[in-house]
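*Asks:* Dropping the structure in here first, questions after.
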Amino acid sequence: VSTQSTWGATADNYLTLFPQGAYRVQLTAIYIFINESNYIPKIPAHEAPSSWWDNSRMTGKYNKVKWPAIHSAGWYDCFLQPQLLAYEGYQHQSDPSVHGTHFLVVDPKGHCFSGGQIHWPNSSTELGLITLGLSALLTKTFTKANTDAEFNVALLEWKALTFALPHIVWYVMGPGIPGTKGNYVTAAQNWPETIPTFFYLHDNGLLDNYPLPTNSSQTYLYDPSNPVPTLGGSNLELGNFNSTLDCTCGPIDQLSLVGRKDILFFTTAPFKTETIITGRMTLVVYVSSDAPDTDFMGKITDVFPNGTRLLIQDGAIRMRWRYNTTSPLKMSPDAIYPVEIDLSTTSYVFNVNHSLGLEISSSNYPRYSVNPNTGLLLKDQTDSYQIAKNTIHIGGAFPSRLILPIVHKTLPEYDIKPLIHRLKNAVDN
């Protein structure tokens, strides 16, 4: 390999298909069928993070990268988090000779071609031209590098050509309504500095910067025969590929789910100033169940003044894999477990008078497979299931909280047209 350009790809198939143990059955059925259909029966038999996955994981191997690369991702792409981790691995853990020679472009959609319910204004589609321009320049620079000596010369030329370019170009999302903030392109050498900000869960449904002083809890019944339906998110959308697994992608309103008894809703007070989050989000919750195994899931939404609950990101954890062990661990009835749910990464502006919403449940089908709560592995499951009584513990000794990367400096808008023009000239000349 002398150079590499990746668009909407993963460097870790296990992390992609089993994030925190939760099985992405819809993605498996579509993506793996298209590429390696003979793998589908094998995937459920390997839900543990075992050596079976080693040949499809770059994790721990980035030091072997000795070439520059262009990475292109999307905030609602089905491979978002592994692609972002791959860029960080290439940029900072690769062979020292190519440290800092890699680039990342993040648009809103990725494989979510429909874009959900938002029309992304302000040149979001032009981000693709940056990816194409960087990739073309990379190919041109190294096209005649057939020996180590020629490669080293080309590498020096690549560093000189790209010295002043921002290494990360990304789209800062927003509500997408005329007159609102957000929905523009920014760029920098590194991700912006953020302050991890805690929003504690309160038993009245409030998300607040101060923890509830006394122990409390909220309980719901999770019935595997009636899972919460998937409404948008970082999914691979391919139309009518499979009617039972078809689902939407991108930012979709979750308002139709309000009223379900198997979802807990928490909301901040309306923001008084613009609030920008950029980075990885985490939900720390103290949970218990009367079942030997179950799932816990979180969704981040932008709650509009009119009640719209626009999905930004989500995540899940399957409790039998809560410690990322190679063997499953059952839950003890009603024992309380602290868990961290990865809610992926985003860049989003919450506008004035909008609120941030958090939804907690135990299903999101068909994005994730339905957990029957029996404790059986995927390969051993039957039609039997157990209704689980699941509890989120709040306050006092159990400070369940959402941790958000809030940017306390303005992310300036970046005019990408000169960069597109510059790349085109470099390729043509």
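Chain labels follow the order of the structure tokens: the first chain is A, the next B, and so on; residue numbering restarts at 1 in every chain, and ligands are counted from 1 in their shown order.
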Could the residues of range 61-178 of chain A that have an atom at most 10 Å from range 219-233 of chain A be listed as a Markdown table, each with its closest atom pair and the distance in Å to one decimal, counting only C-alpha atoms and ordered by chain and ascending residue number?

*Replies:*
```
| residue | atom | partner | partner_atom | distance |
| --- | --- | --- | --- | --- |
| A:Trp75 | CA | A:Gly233 | CA | 9.4 |
| A:Tyr76 | CA | A:Gly233 | CA | 6.2 |
| A:Asp77 | CA | A:Gly233 | CA | 8.4 |
| A:Cys78 | CA | A:Gly233 | CA | 8.4 |
| A:Cys112 | CA | A:Gly233 | CA | 8.7 |
| A:Gly115 | CA | A:Gly232 | CA | 9.6 |
| A:Gly116 | CA | A:Gly232 | CA | 6.9 |
| A:Gln117 | CA | A:Gly232 | CA | 9.2 |
```

*Asks:* Would you mind listing, for every residue of range 381-401 of chain A within 12 Å of range 322-346 of chain A, the two atoms forming the shortest contact and the distance between them in Å to one decimal, using only C-alpha atoms, sorted by chain and ascending residue number, as JSON lines?

*Replies:*
```
{"residue": "A:Ala388", "atom": "CA", "partner": "A:Pro333", "partner_atom": "CA", "distance": 10.4}
{"residue": "A:Lys389", "atom": "CA", "partner": "A:Asp334", "partner_atom": "CA", "distance": 9.2}
{"residue": "A:Asn390", "atom": "CA", "partner": "A:Asp334", "partner_atom": "CA", "distance": 8.7}
{"residue": "A:Thr391", "atom": "CA", "partner": "A:Asp334", "partner_atom": "CA", "distance": 8.5}
{"residue": "A:Ile392", "atom": "CA", "partner": "A:Ile336", "partner_atom": "CA", "distance": 9.0}
{"residue": "A:His393", "atom": "CA", "partner": "A:Ile336", "partner_atom": "CA", "distance": 8.1}
{"residue": "A:Ile394", "atom": "CA", "partner": "A:Pro338", "partner_atom": "CA", "distance": 11.2}
{"residue": "A:Ala397", "atom": "CA", "partner": "A:Pro338", "partner_atom": "CA", "distance": 11.0}
{"residue": "A:Phe398", "atom": "CA", "partner": "A:Pro338", "partner_atom": "CA", "distance": 8.3}
{"residue": "A:Pro399", "atom": "CA", "partner": "A:Pro338", "partner_atom": "CA", "distance": 9.7}
{"residue": "A:Ser400", "atom": "CA", "partner": "A:Pro338", "partner_atom": "CA", "distance": 8.5}
{"residue": "A:Arg401", "atom": "CA", "partner": "A:Glu340", "partner_atom": "CA", "distance": 9.7}
```

*Asks:* Identify all residues of range 197-274 of chain A in strand (DSSP E) (DSSP on the backbone) and supply them as an MDAnalysis selection string.

*Replies:* chainID A and resid 197:201 207:208 216:222 264:267

*Asks:* May I have the residues from that selection written out with all heavy atoms, as a short mmCIF file (atom, residue, chain, number, x, y, z; two decimals), in the first residue's frame?

*Replies:*
```
data_model
loop_
_atom_site.label_atom_id
_atom_site.label_comp_id
_atom_site.auth_asym_id
_atom_site.auth_seq_id
_atom_site.Cartn_x
_atom_site.Cartn_y
_atom_site.Cartn_z
N THR A 197 -19.19 18.20 30.19
CA THR A 197 -20.23 18.81 31.02
C THR A 197 -21.26 17.77 31.42
O THR A 197 -21.77 17.04 30.57
CB THR A 197 -20.91 19.96 30.25
OG1 THR A 197 -19.89 20.90 29.83
CG2 THR A 197 -21.91 20.68 31.13
N PHE A 198 -21.54 17.70 32.73
CA PHE A 198 -22.45 16.68 33.27
C PHE A 198 -23.88 17.21 33.29
O PHE A 198 -24.14 18.34 33.72
CB PHE A 198 -22.05 16.29 34.68
CG PHE A 198 -20.76 15.49 34.77
CD1 PHE A 198 -19.92 15.36 33.68
CD2 PHE A 198 -20.39 14.88 35.96
CE1 PHE A 198 -18.74 14.65 33.76
CE2 PHE A 198 -19.21 14.15 36.05
CZ PHE A 198 -18.38 14.04 34.95
N PHE A 199 -24.80 16.38 32.84
CA PHE A 199 -26.22 16.63 32.97
C PHE A 199 -26.81 15.43 33.73
O PHE A 199 -26.89 14.33 33.20
CB PHE A 199 -26.89 16.77 31.60
CG PHE A 199 -26.50 18.02 30.86
CD1 PHE A 199 -25.34 18.06 30.08
CD2 PHE A 199 -27.27 19.17 30.97
CE1 PHE A 199 -24.98 19.21 29.41
CE2 PHE A 199 -26.91 20.34 30.29
CZ PHE A 199 -25.76 20.35 29.52
N TYR A 200 -27.19 15.67 34.97
CA TYR A 200 -27.65 14.59 35.84
C TYR A 200 -29.14 14.32 35.62
O TYR A 200 -29.94 15.24 35.40
CB TYR A 200 -27.41 14.94 37.30
CG TYR A 200 -25.94 15.01 37.68
CD1 TYR A 200 -25.24 16.21 37.60
CD2 TYR A 200 -25.26 13.87 38.09
CE1 TYR A 200 -23.89 16.28 37.94
CE2 TYR A 200 -23.91 13.93 38.43
CZ TYR A 200 -23.23 15.13 38.34
OH TYR A 200 -21.90 15.19 38.67
N LEU A 201 -29.48 13.04 35.70
CA LEU A 201 -30.87 12.63 35.56
C LEU A 201 -31.61 12.88 36.87
O LEU A 201 -31.11 12.52 37.95
CB LEU A 201 -30.97 11.15 35.20
CG LEU A 201 -30.71 10.74 33.75
CD1 LEU A 201 -29.29 11.08 33.30
CD2 LEU A 201 -30.95 9.24 33.57
N LEU A 207 -33.01 17.05 33.11
CA LEU A 207 -31.56 16.91 33.02
C LEU A 207 -30.97 18.19 33.55
O LEU A 207 -31.22 19.28 33.01
CB LEU A 207 -31.12 16.69 31.58
CG LEU A 207 -31.36 15.32 30.94
CD1 LEU A 207 -31.03 15.36 29.46
CD2 LEU A 207 -30.54 14.24 31.63
N ASP A 208 -30.17 18.09 34.62
CA ASP A 208 -29.69 19.28 35.30
C ASP A 208 -28.20 19.15 35.60
O ASP A 208 -27.68 18.04 35.75
CB ASP A 208 -30.48 19.47 36.60
CG ASP A 208 -30.28 20.86 37.20
OD1 ASP A 208 -30.98 21.79 36.77
OD2 ASP A 208 -29.42 21.00 38.09
N SER A 216 -33.09 7.74 44.14
CA SER A 216 -34.40 7.60 43.52
C SER A 216 -34.25 6.62 42.36
O SER A 216 -33.14 6.14 42.08
CB SER A 216 -34.92 8.95 43.04
OG SER A 216 -36.25 8.83 42.55
N SER A 217 -35.33 6.31 41.69
CA SER A 217 -35.25 5.38 40.55
C SER A 217 -36.49 5.51 39.69
O SER A 217 -37.52 6.03 40.11
CB SER A 217 -35.10 3.94 41.04
OG SER A 217 -36.25 3.53 41.78
N GLN A 218 -36.36 5.03 38.46
CA GLN A 218 -37.49 4.92 37.55
C GLN A 218 -37.44 3.54 36.90
O GLN A 218 -36.38 3.08 36.48
CB GLN A 218 -37.45 6.02 36.49
CG GLN A 218 -37.71 7.40 37.04
CD GLN A 218 -38.03 8.42 35.96
OE1 GLN A 218 -38.32 8.06 34.82
NE2 GLN A 218 -38.00 9.70 36.31
N THR A 219 -38.59 2.91 36.82
CA THR A 219 -38.69 1.52 36.35
C THR A 219 -39.67 1.43 35.18
O THR A 219 -40.66 2.14 35.13
CB THR A 219 -39.14 0.60 37.49
OG1 THR A 219 -38.16 0.62 38.54
CG2 THR A 219 -39.31 -0.84 37.02
N TYR A 220 -39.35 0.56 34.24
CA TYR A 220 -40.26 0.29 33.13
C TYR A 220 -40.19 -1.21 32.80
O TYR A 220 -39.24 -1.90 33.16
CB TYR A 220 -39.91 1.11 31.89
CG TYR A 220 -38.50 0.90 31.37
CD1 TYR A 220 -38.22 -0.07 30.40
CD2 TYR A 220 -37.44 1.67 31.85
CE1 TYR A 220 -36.94 -0.26 29.92
CE2 TYR A 220 -36.15 1.49 31.37
CZ TYR A 220 -35.91 0.52 30.42
OH TYR A 220 -34.63 0.31 29.95
N LEU A 221 -41.20 -1.70 32.11
CA LEU A 221 -41.24 -3.09 31.65
C LEU A 221 -40.82 -3.14 30.19
O LEU A 221 -41.36 -2.41 29.35
CB LEU A 221 -42.63 -3.68 31.81
CG LEU A 221 -43.17 -3.81 33.25
CD1 LEU A 221 -44.58 -4.41 33.23
CD2 LEU A 221 -42.24 -4.67 34.10
N TYR A 222 -39.86 -4.00 29.89
CA TYR A 222 -39.41 -4.19 28.51
C TYR A 222 -39.92 -5.53 28.01
O TYR A 222 -39.53 -6.58 28.51
CB TYR A 222 -37.89 -4.11 28.43
CG TYR A 222 -37.30 -4.77 27.20
CD1 TYR A 222 -37.84 -4.52 25.93
CD2 TYR A 222 -36.23 -5.64 27.29
CE1 TYR A 222 -37.31 -5.14 24.81
CE2 TYR A 222 -35.69 -6.25 26.18
CZ TYR A 222 -36.23 -6.01 24.94
OH TYR A 222 -35.72 -6.62 23.84
N LEU A 264 -38.01 6.02 29.01
CA LEU A 264 -37.91 7.11 29.98
C LEU A 264 -37.40 8.35 29.27
O LEU A 264 -36.44 8.29 28.50
CB LEU A 264 -36.94 6.74 31.11
CG LEU A 264 -37.26 5.45 31.89
CD1 LEU A 264 -36.21 5.22 32.97
CD2 LEU A 264 -38.66 5.51 32.51
N PHE A 265 -38.05 9.48 29.50
CA PHE A 265 -37.70 10.72 28.83
C PHE A 265 -37.14 11.73 29.84
O PHE A 265 -37.73 11.95 30.90
CB PHE A 265 -38.94 11.32 28.15
CG PHE A 265 -39.48 10.49 27.02
CD1 PHE A 265 -40.41 9.49 27.26
CD2 PHE A 265 -39.05 10.70 25.72
CE1 PHE A 265 -40.91 8.72 26.23
CE2 PHE A 265 -39.55 9.93 24.68
CZ PHE A 265 -40.47 8.94 24.93
N PHE A 266 -36.01 12.33 29.47
CA PHE A 266 -35.39 13.37 30.29
C PHE A 266 -35.07 14.55 29.36
O PHE A 266 -34.67 14.36 28.21
CB PHE A 266 -34.12 12.86 30.95
CG PHE A 266 -34.33 11.67 31.85
CD1 PHE A 266 -34.28 10.38 31.34
CD2 PHE A 266 -34.59 11.85 33.20
CE1 PHE A 266 -34.49 9.28 32.16
CE2 PHE A 266 -34.80 10.77 34.03
CZ PHE A 266 -34.75 9.47 33.52
N THR A 267 -35.20 15.76 29.89
CA THR A 267 -35.01 16.95 29.06
C THR A 267 -34.37 18.07 29.88
O THR A 267 -34.72 18.26 31.05
CB THR A 267 -36.37 17.45 28.51
OG1 THR A 267 -37.09 16.36 27.93
CG2 THR A 267 -36.17 18.51 27.45
#
```

*Asks:* One decimal, Å: what's the distance from CA of Glu193 in chain A over to CA of Phe79 in chain A, could you say?

*Replies:*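 It comes out at 24.0 Å.
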
*Asks:* Expressed in Å to a single decimal, how great is the separation between CA of Gly395 in chain A and CA of Gly205 in chain A?

*Replies:*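 Computed distance, CA of Gly395 in chain A to CA of Gly205 in chain A, equals 12.3 Å.
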
*Asks:* Smallest atom-to-atom distance to Thr410 in chain A: which of A:Ile360, A:Val349, A:Leu212, A:Met297, using only C-alpha atoms?

*Replies:* A:Val349

*Asks:* Run DSSP on the backbone of this structure and report the residues of range 136-297 of chain A it assigns to helix (DSSP H, G or I), as a count of residues only.

*Replies:* 25

*Asks:* Within 10 Å of Trp53 in chain A, counting only C-alpha atoms, which residues show up once you throw out same-chain ones fewer than 3 positions away? Write them as number ranges by chain, please.

*Replies:* A: 12-15, 43, 46-50, 56-57

*Asks:* Which residues, written as a PyMOL selection string, have at least one atom at most 6 Å from Val106 in chain A, with only C-alpha atoms counted and residues fewer than 5 positions away on the same chain left out?

*Replies:* chain A and resi 72-74+170

*Asks:* Quick one: everything within 7 Å of Asp95 in chain A, counting only C-alpha atoms, minus sequence neighbours fewer than 4 positions away in the same chain. Send it as a PDB file with C-alpha atoms, in the first residue's frame.

*Replies:*
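Just written: selection-v8.pdb:
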```
ATOM      1  CA  ASN A  63       1.702   1.292  14.008  1.00  0.00           C
ATOM      2  CA  LYS A  64       1.881  -0.757  10.801  1.00  0.00           C
ATOM      3  CA  VAL A  65       0.466   2.137   8.742  1.00  0.00           C
ATOM      4  CA  LYS A  66       3.319   3.628   6.687  1.00  0.00           C
ATOM      5  CA  HIS A  99       2.354  11.090  11.581  1.00  0.00           C
TER       6      HIS A  99
END
```

*Asks:* Can you pull out the residues contacting range 371-375 of chain A? Cut-off 6 Å, using only C-alpha atoms, and skip same-chain residues under 3 positions away; I want them as a list of chain:residue names.

*Replies:*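 Contacts, with the query itself left out: A:Pro224, A:Ala291, A:Pro292, A:Asp293, A:Thr294, A:Tyr385, A:Gln386.
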
*Asks:* Take the residues just selected and output them with N, CA and C atoms as a PDB file, in the first residue's frame.

*Replies:*
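Written file, result04.pdb:
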```pdb
ATOM      1  N   PRO A 224     -39.974  -7.963  24.901  1.00  0.00           N
ATOM      2  CA  PRO A 224     -39.313  -8.232  23.613  1.00  0.00           C
ATOM      3  C   PRO A 224     -40.277  -8.447  22.452  1.00  0.00           C
ATOM      4  N   ALA A 291     -34.126  -9.653  35.134  1.00  0.00           N
ATOM      5  CA  ALA A 291     -33.779 -10.642  34.114  1.00  0.00           C
ATOM      6  C   ALA A 291     -32.280 -10.946  34.170  1.00  0.00           C
ATOM      7  N   PRO A 292     -31.853 -12.115  33.684  1.00  0.00           N
ATOM      8  CA  PRO A 292     -30.425 -12.445  33.684  1.00  0.00           C
ATOM      9  C   PRO A 292     -29.618 -11.670  32.653  1.00  0.00           C
ATOM     10  N   ASP A 293     -30.317 -11.049  31.696  1.00  0.00           N
ATOM     11  CA  ASP A 293     -29.644 -10.246  30.680  1.00  0.00           C
ATOM     12  C   ASP A 293     -30.681  -9.323  30.064  1.00  0.00           C
ATOM     13  N   THR A 294     -30.256  -8.151  29.644  1.00  0.00           N
ATOM     14  CA  THR A 294     -31.141  -7.219  28.964  1.00  0.00           C
ATOM     15  C   THR A 294     -30.283  -6.165  28.293  1.00  0.00           C
ATOM     16  N   TYR A 385     -38.979 -15.845  25.444  1.00  0.00           N
ATOM     17  CA  TYR A 385     -38.480 -14.570  25.940  1.00  0.00           C
ATOM     18  C   TYR A 385     -39.056 -14.302  27.324  1.00  0.00           C
ATOM     19  N   GLN A 386     -38.494 -13.310  27.980  1.00  0.00           N
ATOM     20  CA  GLN A 386     -38.916 -12.915  29.309  1.00  0.00           C
ATOM     21  C   GLN A 386     -39.163 -11.415  29.320  1.00  0.00           C
TER      22      GLN A 386
END
```

*Asks:* So which residues touch range 184-188 of chain A within 10 Å, counting only C-alpha atoms, skipping near sequence neighbours fewer than 2 positions away, as a count of residues only?

*Replies:* 33

*Asks:* Identify which of the residues A:Met281, A:Ile387, A:Leu378, A:Val303 lies closest to Lys42 in chain A, counting only C-alpha atoms when measuring atom-to-atom distances.

*Replies:*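 That would be A:Leu378, the residue with the smallest distance to Lys42 in chain A.
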
*Asks:* Between A:Asn351, A:Thr268, A:Asn55, A:Thr143, which is the closest to Ile177 in chain A once you count only C-alpha atoms?

*Replies:*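 Closest to Ile177 in chain A, using only C-alpha atoms: A:Asn351.
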
*Asks:* With only C-alpha atoms as the atoms that count, which of A:Tyr87, A:Ala45, A:Ile276, A:Gln81 lies nearest to Asp380 in chain A?

*Replies:* A:Ala45

*Asks:* Between A:Ala11, A:Leu132, A:Ile312, A:Leu155, which one has atoms that come closest to Glu88 in chain A, using only C-alpha atoms?

*Replies:*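 With only C-alpha atoms as the atom set, the closest residue is A:Ala11.
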